[in-house]
$ cat input.pdb   # PDB, C-alpha atoms
ATOM      1  CA  MET U 927       0.000   0.000   0.000  1.00  0.00           C
ATOM      2  CA  GLU U 928       2.826   2.354   0.921  1.00  0.00           C
ATOM      3  CA  ASN U 929       4.519   1.602  -2.393  1.00  0.00           C
ATOM      4  CA  ASN U 930       1.436   2.740  -4.334  1.00  0.00           C
ATOM      5  CA  ASP U 931       1.312   5.982  -2.288  1.00  0.00           C
ATOM      6  CA  ASN U 932       4.943   6.724  -3.190  1.00  0.00           C
ATOM      7  CA  LYS U 933       4.255   6.074  -6.884  1.00  0.00           C
ATOM      8  CA  GLY U 934       1.222   8.342  -6.716  1.00  0.00           C
ATOM      9  CA  LYS U 935       3.230  11.132  -5.089  1.00  0.00           C
ATOM     10  CA  LEU U 936       6.029  10.735  -7.663  1.00  0.00           C
ATOM     11  CA  ASN U 937       3.510  10.895 -10.500  1.00  0.00           C
ATOM     12  CA  GLN U 938       1.932  14.016  -8.991  1.00  0.00           C
ATOM     13  CA  LYS U 939       5.348  15.678  -8.655  1.00  0.00           C
ATOM     14  CA  LEU U 940       6.220  14.758 -12.232  1.00  0.00           C
ATOM     15  CA  ILE U 941       2.902  16.103 -13.496  1.00  0.00           C
ATOM     16  CA  LYS U 942       3.338  19.315 -11.505  1.00  0.00           C
ATOM     17  CA  ARG U 943       6.882  19.781 -12.856  1.00  0.00           C
ATOM     18  CA  LYS U 944       5.690  19.237 -16.446  1.00  0.00           C
ATOM     19  CA  ILE U 945       2.832  21.716 -15.997  1.00  0.00           C
ATOM     20  CA  LEU U 946       5.248  24.369 -14.702  1.00  0.00           C
ATOM     21  CA  GLU U 947       7.601  23.672 -17.595  1.00  0.00           C
ATOM     22  CA  LEU U 948       4.743  24.037 -20.083  1.00  0.00           C
ATOM     23  CA  ALA U 949       3.674  27.309 -18.450  1.00  0.00           C
ATOM     24  CA  ARG U 950       7.213  28.691 -18.824  1.00  0.00           C
ATOM     25  CA  THR U 951       7.344  27.568 -22.447  1.00  0.00           C
ATOM     26  CA  LYS U 952       3.972  29.203 -23.098  1.00  0.00           C
ATOM     27  CA  LYS U 953       5.233  32.522 -21.688  1.00  0.00           C
ATOM     28  CA  GLU U 954       8.338  32.326 -23.880  1.00  0.00           C
ATOM     29  CA  LEU U 955       6.222  31.593 -26.953  1.00  0.00           C
ATOM     30  CA  GLU U 956       3.925  34.529 -26.174  1.00  0.00           C
ATOM     31  CA  ALA U 957       6.947  36.830 -25.918  1.00  0.00           C
ATOM     32  CA  GLU U 958       8.308  35.536 -29.258  1.00  0.00           C
ATOM     33  CA  LYS U 959       4.886  35.958 -30.849  1.00  0.00           C
ATOM     34  CA  ALA U 960       4.670  39.570 -29.660  1.00  0.00           C
ATOM     35  CA  LYS U 961       8.167  40.253 -30.990  1.00  0.00           C
ATOM     36  CA  SER U 962       7.306  38.663 -34.347  1.00  0.00           C
ATOM     37  CA  LEU U 963       4.110  40.699 -34.613  1.00  0.00           C
ATOM     38  CA  GLU U 964       6.051  43.893 -33.927  1.00  0.00           C
ATOM     39  CA  ASN U 965       8.541  42.975 -36.666  1.00  0.00           C
ATOM     40  CA  LEU U 966       5.653  42.323 -39.063  1.00  0.00           C
ATOM     41  CA  LYS U 967       4.082  45.680 -38.239  1.00  0.00           C
ATOM     42  CA  ASN U 968       7.389  47.422 -38.965  1.00  0.00           C
ATOM     43  CA  THR U 969       7.804  45.498 -42.205  1.00  0.00           C
ATOM     44  CA  ILE U 970       4.264  46.095 -43.414  1.00  0.00           C
ATOM     45  CA  LYS U 971       4.399  49.873 -42.878  1.00  0.00           C
ATOM     46  CA  PRO U 972       4.345  51.522 -46.289  1.00  0.00           C
ATOM     47  CA  LYS U 973       7.740  52.903 -47.176  1.00  0.00           C
ATOM     48  CA  LEU U 974       7.464  56.017 -49.282  1.00  0.00           C
ATOM     49  CA  ASP U 975      10.250  57.660 -51.254  1.00  0.00           C
ATOM     50  CA  THR U 976       9.456  60.874 -49.392  1.00  0.00           C
ATOM     51  CA  ASP U 977       9.986  59.388 -45.911  1.00  0.00           C
ATOM     52  CA  LEU U 978      12.369  61.423 -43.772  1.00  0.00           C
ATOM     53  CA  LEU U 979      14.542  59.133 -41.676  1.00  0.00           C
ATOM     54  CA  ARG U 980      16.632  59.920 -38.624  1.00  0.00           C
ATOM     55  CA  VAL U 981      20.044  58.287 -38.297  1.00  0.00           C
ATOM     56  CA  ASP U 982      18.817  55.736 -35.735  1.00  0.00           C
ATOM     57  CA  GLU U 983      15.980  54.725 -38.067  1.00  0.00           C
ATOM     58  CA  VAL U 984      18.406  54.257 -40.959  1.00  0.00           C
ATOM     59  CA  LEU U 985      20.738  52.188 -38.781  1.00  0.00           C
ATOM     60  CA  ASN U 986      17.919  49.947 -37.528  1.00  0.00           C
ATOM     61  CA  GLU U 987      16.090  49.519 -40.815  1.00  0.00           C
ATOM     62  CA  TYR U 988      19.089  49.019 -43.092  1.00  0.00           C
ATOM     63  CA  LYS U 989      21.316  47.312 -40.486  1.00  0.00           C
ATOM     64  CA  PHE U 990      24.245  49.710 -40.906  1.00  0.00           C
ATOM     65  CA  SER U 991      26.727  50.661 -38.249  1.00  0.00           C
ATOM     66  CA  ARG U 992      27.104  54.334 -37.400  1.00  0.00           C
ATOM     67  CA  LYS U 993      30.619  54.258 -38.842  1.00  0.00           C
ATOM     68  CA  THR U 994      29.269  52.971 -42.174  1.00  0.00           C
ATOM     69  CA  PHE U 995      26.608  55.680 -42.203  1.00  0.00           C
ATOM     70  CA  ASP U 996      29.215  58.388 -41.570  1.00  0.00           C
ATOM     71  CA  ARG U 997      31.396  56.971 -44.379  1.00  0.00           C
ATOM     72  CA  MET U 998      28.407  57.056 -46.723  1.00  0.00           C
ATOM     73  CA  ARG U 999      27.823  60.715 -45.862  1.00  0.00           C
ATOM     74  CA  GLY U1000      31.462  61.404 -46.633  1.00  0.00           C
ATOM     75  CA  ARG U1001      31.087  59.690 -50.010  1.00  0.00           C
ATOM     76  CA  GLY U1002      28.119  61.814 -51.072  1.00  0.00           C
ATOM     77  CA  LEU U1003      24.947  60.640 -49.323  1.00  0.00           C
ATOM     78  CA  LYS U1004      22.651  63.670 -49.068  1.00  0.00           C
ATOM     79  CA  ALA U1005      21.667  64.415 -45.491  1.00  0.00           C
ATOM     80  CA  SER U1006      20.178  67.435 -43.778  1.00  0.00           C
ATOM     81  CA  GLN U1007      21.394  68.856 -40.472  1.00  0.00           C
ATOM     82  CA  LYS U1008      20.629  72.375 -39.267  1.00  0.00           C
ATOM     83  CA  SER U1009      23.520  72.614 -36.795  1.00  0.00           C
ATOM     84  CA  PRO U1010      26.351  70.334 -35.623  1.00  0.00           C
ATOM     85  CA  LYS U1011      24.302  69.050 -32.662  1.00  0.00           C
ATOM     86  CA  ALA U1012      20.961  68.836 -34.484  1.00  0.00           C
ATOM     87  CA  THR U1013      19.263  65.686 -35.721  1.00  0.00           C
ATOM     88  CA  ILE U1014      20.474  64.344 -39.053  1.00  0.00           C
ATOM     89  CA  TRP U1015      17.707  63.622 -41.560  1.00  0.00           C
ATOM     90  CA  VAL U1016      17.953  61.547 -44.728  1.00  0.00           C
ATOM     91  CA  LEU U1017      15.332  61.250 -47.431  1.00  0.00           C
ATOM     92  CA  ARG U1018      14.612  57.562 -48.123  1.00  0.00           C
ATOM     93  CA  LYS U1019      14.819  58.124 -51.896  1.00  0.00           C
ATOM     94  CA  ASP U1020      18.250  59.748 -51.557  1.00  0.00           C
ATOM     95  CA  LEU U1021      19.497  56.865 -49.408  1.00  0.00           C
ATOM     96  CA  GLU U1022      18.206  54.168 -51.749  1.00  0.00           C
ATOM     97  CA  ASP U1023      19.521  56.019 -54.816  1.00  0.00           C
ATOM     98  CA  PHE U1024      22.923  56.284 -53.109  1.00  0.00           C
ATOM     99  CA  LEU U1025      22.891  52.558 -52.305  1.00  0.00           C
ATOM    100  CA  LYS U1026      21.949  51.642 -55.895  1.00  0.00           C
ATOM    101  CA  LYS U1027      24.572  53.992 -57.319  1.00  0.00           C
ATOM    102  CA  ASP U1028      27.196  52.683 -54.933  1.00  0.00           C
ATOM    103  CA  ARG U1029      26.426  49.027 -55.665  1.00  0.00           C
ATOM    104  CA  HIS U1030      26.418  49.436 -59.441  1.00  0.00           C
ATOM    105  CA  GLY U1031      29.216  51.981 -59.598  1.00  0.00           C
ATOM    106  CA  ARG U1032      27.180  54.509 -61.549  1.00  0.00           C
TER     107      ARG U1032
END
$ encode --input "input.pdb" --output "C-alpha cells"
Amino acid sequence: MENNDNKGKLNQKLIKRKILELARTKKELEAEKAKSLENLKNTIKPKLDTDLLRVDEVLNEYKFSRKTFDRMRGRGLKASQKSPKATIWVLRKDLEDFLKKDRHGR
C-alpha cells in the first residue's frame, strides 16, 4: 500500500513539474509571438520615397553601423542637419539612390 502511495506522489510531482515547464514555455512563446508581430508591423508599414529618416531609423532599418553611415555621408549621401548638434535627416529616396549607385558603380 505504501509503495502505491509513493508512486502516486512521484507521479503528482512529475505532473506538476511538467505543468510548470509548459507554463514557462507558453510565456516564452507569447513573448516571441509579440516580438514577431512587432517585426511584421514594422515590415508592413508603407515605405514612401518621401519618408524622412533619422540616423537611428536608418541604422535599424538598413542594419548599418554608425561608422558605415558616416562613411556614406562622406562619399556623397545627401543628409540634412541644421547645426552640428541637431538631428540628421535623410530622405529615403536619396538613401536608396545612393545605395543603388554605390552598388552598381554609376
$ closest_residue --input "input.pdb" --among "U:Leu963, U:Leu948, U:Leu978, U:Leu1025" --to "Leu1003 in chain U" --atoms "all atoms listed in the file"
U:Leu1025
$ residues_around --input "input.pdb" --residues "range 986-991 of chain U" --least-positions-apart "3" --cutoff "12 Å" --atoms "all atoms listed in the file" --output "list in words"
Asn965, Asn968, Thr969, Lys971, Lys973, Leu979, Arg980, Val981, Asp982, Glu983, Thr994, Phe995, Asp996, Arg997, Met998, Arg1018, Leu1021, Glu1022 and Leu1025 of chain U
$ axis_aligned_box --input "input.pdb" --around "range 999-1013 of chain U" --padding-each-side "8 Å" --output "lines of an AutoDock Vina configuration file"
center_x = 25.4
center_y = 66.2
center_z = -41.9
size_x = 28.2
size_y = 28.9
size_z = 34.4
$ atom_distance --input "input.pdb" --atom1 "CA of Leu936 in chain U" --atom2 "CA of Thr951 in chain U"
22.4 Å
$ atom_distance --input "input.pdb" --atom1 "CA of Lys1004 in chain U" --atom2 "CA of Lys1019 in chain U"
10.0 Å
$ atom_distance --input "input.pdb" --atom1 "CA of Leu955 in chain U" --atom2 "CA of Asn937 in chain U"
26.6 Å
$ closest_residue --input "input.pdb" --among "U:Lys1027, U:Gly934, U:Asp975, U:Arg999" --to "Ile1014 in chain U" --atoms "only C-alpha atoms"
U:Arg999
